[in-house]
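Enquirer: First the structure, which I've put down as structure tokens, then a few questions once you've had a look.
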Amino acid sequence: MKKTSMTSLERVLTTLNHKEPDRVPLFLLTTMHGAKELGLSVKTYFSKAENVVEGQLRLLKKYRNDCVSPFFYASLEVEAWGAEVIYRDDGPPNSGAPFLSDSQKIRTLEVPSVRLSPCLSKMLKAIRMLKDKVQDKVPIIGVVMSPFSLPVMQMGFDKYIELMYDHPHLFERLMKINEEFCVQWANAQLEAGATAICYFDPVSSTTLIPRYMYISAGFGFEIAKRTLARINGPTATHLASGRCLPIVDDLIKTGTAAIGVSCMESLASIKGICKGKVSILGNLNGIEMARWTSEYAENIVKESIAKAAKGGGYILSDNHGEIPFQVPEKILLAISEAVHKWGRYPLDWIEDYEK
């Protein structure tokens with residue numbers, strides 16, 4: 001029996017409640033592709049909230065997407081602390097030289113004002129404008145960097161690892177400062193109209209640190225539990241293409257509503273652990289996507305749906321949380337078409353597919 005068509009928000013909420021909506025939700029997180037739509041450079045595109053809003057609305061319509069993303073770029077957060085941002089024409093803006101190259105600067109570091117920061121204000125403006133346009137029909141996904149992962153941009157990876165091992169008191173102080181910033185930034189986005197917050201935490205992935213380190217006192221697990229509890233809305237934890245399987249049970253305990261999962265791990269295995277407990281988001285390989293054919297894109301989408309979509313609790317997306325600038329329009333259209341073709345519940349075709 002065909003289900004009544006839902007709005008994107010209804011579809012996503014049904015999925016997050018571990019029920020089957022009318023169709024598998026699609027999150028094509030094309031943050032930079034709006035620049036292509038408007039014929040602008042990446043730097044010019046992100047210079048105004050109005051550009052991002054127009055780009056997201058065009059992409060929403062073109063790809064029949066189930067969310068809009070007001071996310072600008074990851075280094076926006078360190079830009080709020082006064083750090084340099086480096087722009088490029090074919091990829092996301094990146095952070096420049098770390099502003100905490102000397103760990104002793106942590107002693108006098110203070111939380112920047114979310115309300116008074118020009119760069120953060122642009123994103124808040126974009127959220128308010130998108131909310132005015134989509135109302136309660138389409139989820140607006142806000143983004144924060146986790147307090148545990150933000151130091152990679154603040155200090156550089158090598159200095160951050162040294163801080164963890166050699167300067168525990170400074171590490172603890174930096175985590176407290178970053179937690180306060182993360183909570184203020186997340187809640188400001190929710191107040192502006194964001195539906196949920198994506199909590200990016202790649203350093204917690206077992207691709208980067210072992211599980212015993214993640215669950216150690218004062219590290220990623222405890223930080224996530226404290227931080228997510230203070231965010232006034234639903235959250236999804238994303239490890240930015242890092243592996244999560246060894247810590248899935250721990251991630252569930254943080255209180256997150258969904259987990260972004262890696263293409264390097266078994267989607268079926270992760271679904272088996274998460275079913276009825278937490279939703280999963282992923283796990284298309286964004287890097288390989290740039291050289292896919294349309295036929296291959298359809299096959300991958302169909303396979304992903306077969307592995308993870310039964311019973312709800314699955315949102316199809318890429319595995320990193322941001323689709324590379326180099327992925328062509330025809331592949332994104334093929335992904336969308338495949339979801340709309342094969343993702344309609346009930347998924348009766350899966351029984352024959354699995355034989």
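By convention here, the chains of the structure tokens are called A, B, ... in the order presented, each chain's residues are numbered starting at 1, and ligands are numbered starting at 1 in the order presented.
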So that I can check the surroundings of Lys277 (chain A), please list as JSON, numbers by chain every protein, DNA and RNA residue that reaches within 12 Å of it, counting only C-alpha atoms and ignoring chain neighbours fewer than 3 positions away.
Expert: {"A": [15, 16, 17, 18, 19, 248, 249, 250, 251, 252, 253, 254, 255, 256, 257, 258, 259, 270, 271, 272, 273, 274, 280, 311, 312, 313, 314]}
Enquirer: Please produce a file of those selected residues containing N, CA and C atoms, as a CSV table (one decimal), in the first residue's frame.
Expert:
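Once written, again37.csv looks like this:
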```csv
chain,number,residue,atom,x,y,z
A,15,THR,N,11.2,9.1,10.2
A,15,THR,CA,12.5,8.2,10.2
A,15,THR,C,13.2,8.2,11.5
A,16,LEU,N,13.3,9.4,12.1
A,16,LEU,CA,14.1,9.5,13.4
A,16,LEU,C,13.3,8.8,14.5
A,17,ASN,N,12.0,8.6,14.3
A,17,ASN,CA,11.2,7.9,15.3
A,17,ASN,C,11.2,6.4,15.0
A,18,HIS,N,12.1,6.0,14.1
A,18,HIS,CA,12.2,4.5,13.7
A,18,HIS,C,10.9,3.9,13.2
A,19,LYS,N,10.3,4.7,12.4
A,19,LYS,CA,9.1,4.3,11.6
A,19,LYS,C,9.4,4.5,10.1
A,248,VAL,N,30.0,2.7,18.4
A,248,VAL,CA,28.5,3.0,18.2
A,248,VAL,C,27.8,3.0,19.5
A,249,ASP,N,28.0,2.0,20.3
A,249,ASP,CA,27.2,1.9,21.6
A,249,ASP,C,27.5,3.1,22.5
A,250,ASP,N,28.8,3.6,22.4
A,250,ASP,CA,29.1,4.8,23.2
A,250,ASP,C,28.4,6.0,22.6
A,251,LEU,N,28.4,6.1,21.3
A,251,LEU,CA,27.8,7.3,20.7
A,251,LEU,C,26.3,7.4,21.1
A,252,ILE,N,25.7,6.2,21.1
A,252,ILE,CA,24.3,6.1,21.5
A,252,ILE,C,24.0,6.7,22.9
A,253,LYS,N,25.0,6.4,23.8
A,253,LYS,CA,24.9,6.8,25.2
A,253,LYS,C,25.0,8.4,25.3
A,254,THR,N,25.6,9.0,24.3
A,254,THR,CA,25.8,10.5,24.4
A,254,THR,C,24.4,11.2,24.3
A,255,GLY,N,23.4,10.6,23.8
A,255,GLY,CA,22.1,11.2,23.6
A,255,GLY,C,21.8,11.7,22.3
A,256,THR,N,22.7,11.5,21.3
A,256,THR,CA,22.5,11.9,20.0
A,256,THR,C,21.4,11.2,19.3
A,257,ALA,N,20.7,11.8,18.3
A,257,ALA,CA,19.6,11.2,17.7
A,257,ALA,C,20.0,10.4,16.4
A,258,ALA,N,21.1,10.8,15.8
A,258,ALA,CA,21.6,10.1,14.6
A,258,ALA,C,23.1,10.1,14.6
A,259,ILE,N,23.6,9.2,13.8
A,259,ILE,CA,25.1,9.1,13.6
A,259,ILE,C,25.4,9.0,12.1
A,270,ILE,N,26.2,-1.7,11.1
A,270,ILE,CA,25.9,-0.6,11.9
A,270,ILE,C,24.4,-0.5,12.1
A,271,LYS,N,23.6,-0.8,11.0
A,271,LYS,CA,22.1,-0.8,11.2
A,271,LYS,C,21.7,-1.8,12.2
A,272,GLY,N,22.4,-3.0,12.2
A,272,GLY,CA,22.0,-4.0,13.2
A,272,GLY,C,22.2,-3.5,14.6
A,273,ILE,N,23.2,-2.7,14.9
A,273,ILE,CA,23.4,-2.2,16.2
A,273,ILE,C,22.5,-1.1,16.6
A,274,CYS,N,22.2,-0.2,15.6
A,274,CYS,CA,21.5,1.0,15.8
A,274,CYS,C,20.0,0.9,15.8
A,280,ILE,N,20.7,6.4,11.5
A,280,ILE,CA,22.0,6.5,10.8
A,280,ILE,C,21.9,7.3,9.6
A,311,GLY,N,12.3,-0.5,8.2
A,311,GLY,CA,11.9,-0.1,9.5
A,311,GLY,C,12.2,1.3,9.9
A,312,GLY,N,12.7,2.1,8.9
A,312,GLY,CA,13.0,3.5,9.1
A,312,GLY,C,14.3,3.7,9.8
A,313,GLY,N,14.6,4.8,10.3
A,313,GLY,CA,15.9,5.1,11.0
A,313,GLY,C,17.1,5.2,10.1
A,314,TYR,N,16.8,5.5,8.8
A,314,TYR,CA,17.9,5.7,7.8
A,314,TYR,C,17.7,6.9,6.9
```
Enquirer: Which residues of region 69-172 of chain A come within 8 Å of region 177-197 of chain A, and what is each one's closest atom pair and distance in Å (one decimal), counting only C-alpha atoms, sorted by chain and residue number, as a Markdown table?
Expert:
```
| residue | atom | partner | partner_atom | distance |
| --- | --- | --- | --- | --- |
| A:Leu109 | CA | A:Ile177 | CA | 7.9 |
| A:Glu110 | CA | A:Ile177 | CA | 6.9 |
| A:Val111 | CA | A:Phe181 | CA | 5.9 |
| A:Pro112 | CA | A:Phe181 | CA | 7.3 |
| A:Val114 | CA | A:Trp185 | CA | 6.1 |
| A:Leu124 | CA | A:Gln189 | CA | 6.1 |
| A:Lys125 | CA | A:Ala192 | CA | 7.7 |
| A:Ile127 | CA | A:Gly193 | CA | 6.0 |
| A:Arg128 | CA | A:Ala192 | CA | 5.3 |
| A:Lys131 | CA | A:Gly193 | CA | 5.7 |
| A:Pro139 | CA | A:Thr195 | CA | 5.5 |
| A:Ile140 | CA | A:Ala194 | CA | 4.9 |
| A:Ile141 | CA | A:Ala196 | CA | 5.4 |
| A:Gly142 | CA | A:Ile197 | CA | 4.6 |
| A:Val143 | CA | A:Ile197 | CA | 5.3 |
| A:Val144 | CA | A:Ala186 | CA | 6.3 |
| A:Met145 | CA | A:Cys182 | CA | 7.1 |
| A:Ser146 | CA | A:Cys182 | CA | 6.8 |
| A:Pro147 | CA | A:Asn178 | CA | 4.7 |
| A:Phe148 | CA | A:Asn178 | CA | 7.9 |
| A:Leu150 | CA | A:Asn178 | CA | 7.6 |
```
Enquirer: Got time to write the residues from that selection, N, CA and C atoms, as a JSON list (two decimals), in the first residue's frame?
Expert:
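Writing the result to out_35.json gives the following:
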```
[["chain", "number", "residue", "atom", "x", "y", "z"],
["A", 109, "LEU", "N", 42.93, 32.61, 26.98],
["A", 109, "LEU", "CA", 41.92, 32.52, 25.92],
["A", 109, "LEU", "C", 40.52, 32.74, 26.48],
["A", 110, "GLU", "N", 39.71, 33.45, 25.73],
["A", 110, "GLU", "CA", 38.32, 33.70, 26.13],
["A", 110, "GLU", "C", 37.37, 33.30, 25.01],
["A", 111, "VAL", "N", 36.14, 33.01, 25.37],
["A", 111, "VAL", "CA", 35.12, 32.61, 24.40],
["A", 111, "VAL", "C", 34.69, 33.84, 23.58],
["A", 112, "PRO", "N", 34.74, 33.76, 22.25],
["A", 112, "PRO", "CA", 34.28, 34.90, 21.45],
["A", 112, "PRO", "C", 32.77, 35.05, 21.51],
["A", 114, "VAL", "N", 29.29, 35.06, 20.19],
["A", 114, "VAL", "CA", 28.57, 34.55, 19.02],
["A", 114, "VAL", "C", 27.74, 35.66, 18.39],
["A", 124, "LEU", "N", 23.89, 32.98, 10.93],
["A", 124, "LEU", "CA", 22.62, 33.11, 11.64],
["A", 124, "LEU", "C", 21.58, 33.82, 10.78],
["A", 125, "LYS", "N", 22.03, 34.81, 10.02],
["A", 125, "LYS", "CA", 21.12, 35.50, 9.10],
["A", 125, "LYS", "C", 20.60, 34.54, 8.04],
["A", 127, "ILE", "N", 20.21, 31.34, 8.32],
["A", 127, "ILE", "CA", 19.24, 30.44, 8.96],
["A", 127, "ILE", "C", 17.88, 31.13, 9.07],
["A", 128, "ARG", "N", 17.88, 32.38, 9.52],
["A", 128, "ARG", "CA", 16.61, 33.10, 9.66],
["A", 128, "ARG", "C", 15.92, 33.25, 8.31],
["A", 131, "LYS", "N", 14.52, 29.89, 7.19],
["A", 131, "LYS", "CA", 13.32, 29.56, 7.98],
["A", 131, "LYS", "C", 12.11, 30.31, 7.43],
["A", 139, "PRO", "N", 13.59, 20.49, 6.97],
["A", 139, "PRO", "CA", 14.55, 20.66, 8.07],
["A", 139, "PRO", "C", 15.71, 21.58, 7.68],
["A", 140, "ILE", "N", 16.10, 22.43, 8.62],
["A", 140, "ILE", "CA", 17.27, 23.29, 8.46],
["A", 140, "ILE", "C", 18.34, 22.74, 9.39],
["A", 141, "ILE", "N", 19.47, 22.32, 8.83],
["A", 141, "ILE", "CA", 20.49, 21.62, 9.61],
["A", 141, "ILE", "C", 21.62, 22.58, 9.97],
["A", 142, "GLY", "N", 21.68, 22.95, 11.25],
["A", 142, "GLY", "CA", 22.80, 23.74, 11.74],
["A", 142, "GLY", "C", 24.01, 22.86, 12.00],
["A", 143, "VAL", "N", 25.16, 23.49, 12.20],
["A", 143, "VAL", "CA", 26.40, 22.73, 12.35],
["A", 143, "VAL", "C", 27.29, 23.37, 13.42],
["A", 144, "VAL", "N", 27.89, 22.52, 14.26],
["A", 144, "VAL", "CA", 28.94, 22.96, 15.17],
["A", 144, "VAL", "C", 30.09, 21.96, 15.13],
["A", 145, "MET", "N", 31.29, 22.45, 15.38],
["A", 145, "MET", "CA", 32.43, 21.56, 15.57],
["A", 145, "MET", "C", 32.46, 21.17, 17.05],
["A", 146, "SER", "N", 32.74, 19.92, 17.33],
["A", 146, "SER", "CA", 32.77, 19.49, 18.72],
["A", 146, "SER", "C", 33.93, 20.16, 19.45],
["A", 147, "PRO", "N", 33.78, 20.39, 20.76],
["A", 147, "PRO", "CA", 34.89, 20.96, 21.54],
["A", 147, "PRO", "C", 36.15, 20.11, 21.46],
["A", 148, "PHE", "N", 35.99, 18.80, 21.28],
["A", 148, "PHE", "CA", 37.11, 17.87, 21.24],
["A", 148, "PHE", "C", 37.83, 17.88, 19.90],
["A", 150, "LEU", "N", 37.57, 20.72, 17.55],
["A", 150, "LEU", "CA", 37.90, 22.08, 17.14],
["A", 150, "LEU", "C", 39.38, 22.42, 17.28]]
```
Enquirer: Would you list the contacts of region 330-337 of chain A as a PyMOL selection string, taking every protein, DNA or RNA residue within 9 Å and counting only C-alpha atoms, but skipping same-chain residues closer than 6 positions in sequence?
Expert: chain A and resi 26+28+62-65+289-295+297-298+300-301
Enquirer: Give me a file of those residues, with N, CA and C atoms, as an mmCIF file, in the first residue's frame.
Expert:
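This is the output file selection01.cif:
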```cif
data_model
loop_
_atom_site.group_PDB
_atom_site.id
_atom_site.type_symbol
_atom_site.label_atom_id
_atom_site.label_comp_id
_atom_site.auth_asym_id
_atom_site.auth_seq_id
_atom_site.Cartn_x
_atom_site.Cartn_y
_atom_site.Cartn_z
ATOM 1 N N LEU A 26 16.446 12.047 1.872
ATOM 2 C CA LEU A 26 17.687 12.297 1.149
ATOM 3 C C LEU A 26 18.319 13.595 1.651
ATOM 4 N N LEU A 28 21.358 15.549 0.552
ATOM 5 C CA LEU A 28 22.495 15.867 -0.303
ATOM 6 C C LEU A 28 23.112 17.151 0.244
ATOM 7 N N LYS A 62 16.232 21.551 -7.221
ATOM 8 C CA LYS A 62 16.860 20.779 -8.299
ATOM 9 C C LYS A 62 16.997 19.302 -7.931
ATOM 10 N N TYR A 63 17.456 19.019 -6.707
ATOM 11 C CA TYR A 63 17.734 17.645 -6.315
ATOM 12 C C TYR A 63 16.637 17.010 -5.471
ATOM 13 N N ARG A 64 15.522 17.737 -5.312
ATOM 14 C CA ARG A 64 14.396 17.230 -4.513
ATOM 15 C C ARG A 64 14.913 16.715 -3.172
ATOM 16 N N ASN A 65 15.704 17.551 -2.543
ATOM 17 C CA ASN A 65 16.390 17.220 -1.306
ATOM 18 C C ASN A 65 15.435 17.304 -0.120
ATOM 19 N N MET A 289 32.548 9.472 -5.564
ATOM 20 C CA MET A 289 31.366 9.967 -6.264
ATOM 21 C C MET A 289 31.721 10.823 -7.479
ATOM 22 N N ALA A 290 32.851 11.480 -7.428
ATOM 23 C CA ALA A 290 33.268 12.365 -8.524
ATOM 24 C C ALA A 290 33.526 11.598 -9.815
ATOM 25 N N ARG A 291 33.785 10.290 -9.715
ATOM 26 C CA ARG A 291 34.038 9.518 -10.940
ATOM 27 C C ARG A 291 32.998 8.416 -11.173
ATOM 28 N N TRP A 292 31.878 8.494 -10.474
ATOM 29 C CA TRP A 292 30.790 7.549 -10.705
ATOM 30 C C TRP A 292 30.127 7.791 -12.057
ATOM 31 N N THR A 293 29.490 6.749 -12.569
ATOM 32 C CA THR A 293 28.542 6.902 -13.665
ATOM 33 C C THR A 293 27.145 6.985 -13.053
ATOM 34 N N SER A 294 26.192 7.407 -13.834
ATOM 35 C CA SER A 294 24.816 7.488 -13.339
ATOM 36 C C SER A 294 24.290 6.101 -12.962
ATOM 37 N N GLU A 295 24.670 5.101 -13.757
ATOM 38 C CA GLU A 295 24.218 3.738 -13.485
ATOM 39 C C GLU A 295 24.809 3.226 -12.173
ATOM 40 N N ALA A 297 25.789 5.072 -9.662
ATOM 41 C CA ALA A 297 25.148 5.822 -8.577
ATOM 42 C C ALA A 297 23.830 5.166 -8.191
ATOM 43 N N GLU A 298 23.037 4.765 -9.170
ATOM 44 C CA GLU A 298 21.763 4.114 -8.878
ATOM 45 C C GLU A 298 21.983 2.798 -8.143
ATOM 46 N N ILE A 300 24.514 1.904 -6.216
ATOM 47 C CA ILE A 300 24.990 2.145 -4.849
ATOM 48 C C ILE A 300 23.846 2.597 -3.953
ATOM 49 N N VAL A 301 23.008 3.473 -4.467
ATOM 50 C CA VAL A 301 21.856 3.942 -3.694
ATOM 51 C C VAL A 301 20.928 2.770 -3.375
#
```
Enquirer: Nearest residue to Ser5 (chain A) out of A:Pro346, A:Ala217, A:Arg23, A:Pro151, using only C-alpha atoms?
Expert: A:Arg23
Enquirer: Find the residues around Val78 (chain A) up to 12 Å (only C-alpha atoms counted), leave out those fewer than 2 positions away in its own chain, and share them as a PyMOL selection string.
Expert: chain A and resi 73-76+80-86+93-100+111-112+114+117+119-120+144-145+147+149-156+178+181-182
Enquirer: Output as CSV one row per residue of region 176-257 of chain A within 12 Å of region 157-167 of chain A: the closest atom pair and its distance in Å to one decimal place, counting only C-alpha atoms, sorted by chain and residue number ascending.
Expert:
```
residue,atom,partner,partner_atom,distance
A:Val203,CA,A:Phe157,CA,9.8
A:Leu208,CA,A:Phe157,CA,10.9
A:Ile209,CA,A:Ile161,CA,10.5
A:Met213,CA,A:Met164,CA,10.5
A:Tyr214,CA,A:Met164,CA,11.9
A:Ser216,CA,A:Met164,CA,11.5
A:Ala217,CA,A:Met164,CA,11.9
A:Gly218,CA,A:Met164,CA,10.2
A:Phe219,CA,A:Met164,CA,9.2
A:Gly220,CA,A:Met164,CA,11.6
```
Enquirer: Pull N, CA and C atoms from the residues just selected and write them as a compact mmCIF listing (two decimals), in the first residue's frame.
Expert:
```txt
# COMPACT_ATOMS: atom_id res chain seq x y z
N VAL A 203 37.68 13.81 15.46
CA VAL A 203 38.77 13.34 16.29
C VAL A 203 38.33 12.18 17.18
N LEU A 208 41.03 7.89 14.05
CA LEU A 208 42.06 8.78 14.58
C LEU A 208 42.56 8.40 15.97
N ILE A 209 41.65 7.98 16.85
CA ILE A 209 42.07 7.58 18.20
C ILE A 209 41.39 6.27 18.56
N MET A 213 40.79 5.60 24.34
CA MET A 213 41.11 7.02 24.49
C MET A 213 39.84 7.86 24.40
N TYR A 214 38.95 7.49 23.48
CA TYR A 214 37.68 8.21 23.34
C TYR A 214 36.87 8.20 24.63
N SER A 216 38.09 7.70 27.66
CA SER A 216 38.86 8.10 28.83
C SER A 216 38.27 9.34 29.47
N ALA A 217 38.47 9.50 30.76
CA ALA A 217 37.94 10.65 31.50
C ALA A 217 38.39 11.95 30.86
N GLY A 218 37.40 12.81 30.59
CA GLY A 218 37.70 14.14 30.06
C GLY A 218 37.89 14.21 28.56
N PHE A 219 37.72 13.07 27.86
CA PHE A 219 37.92 13.07 26.41
C PHE A 219 36.58 13.08 25.67
N GLY A 220 36.60 12.64 24.41
CA GLY A 220 35.48 12.85 23.50
C GLY A 220 34.12 12.42 24.00
```
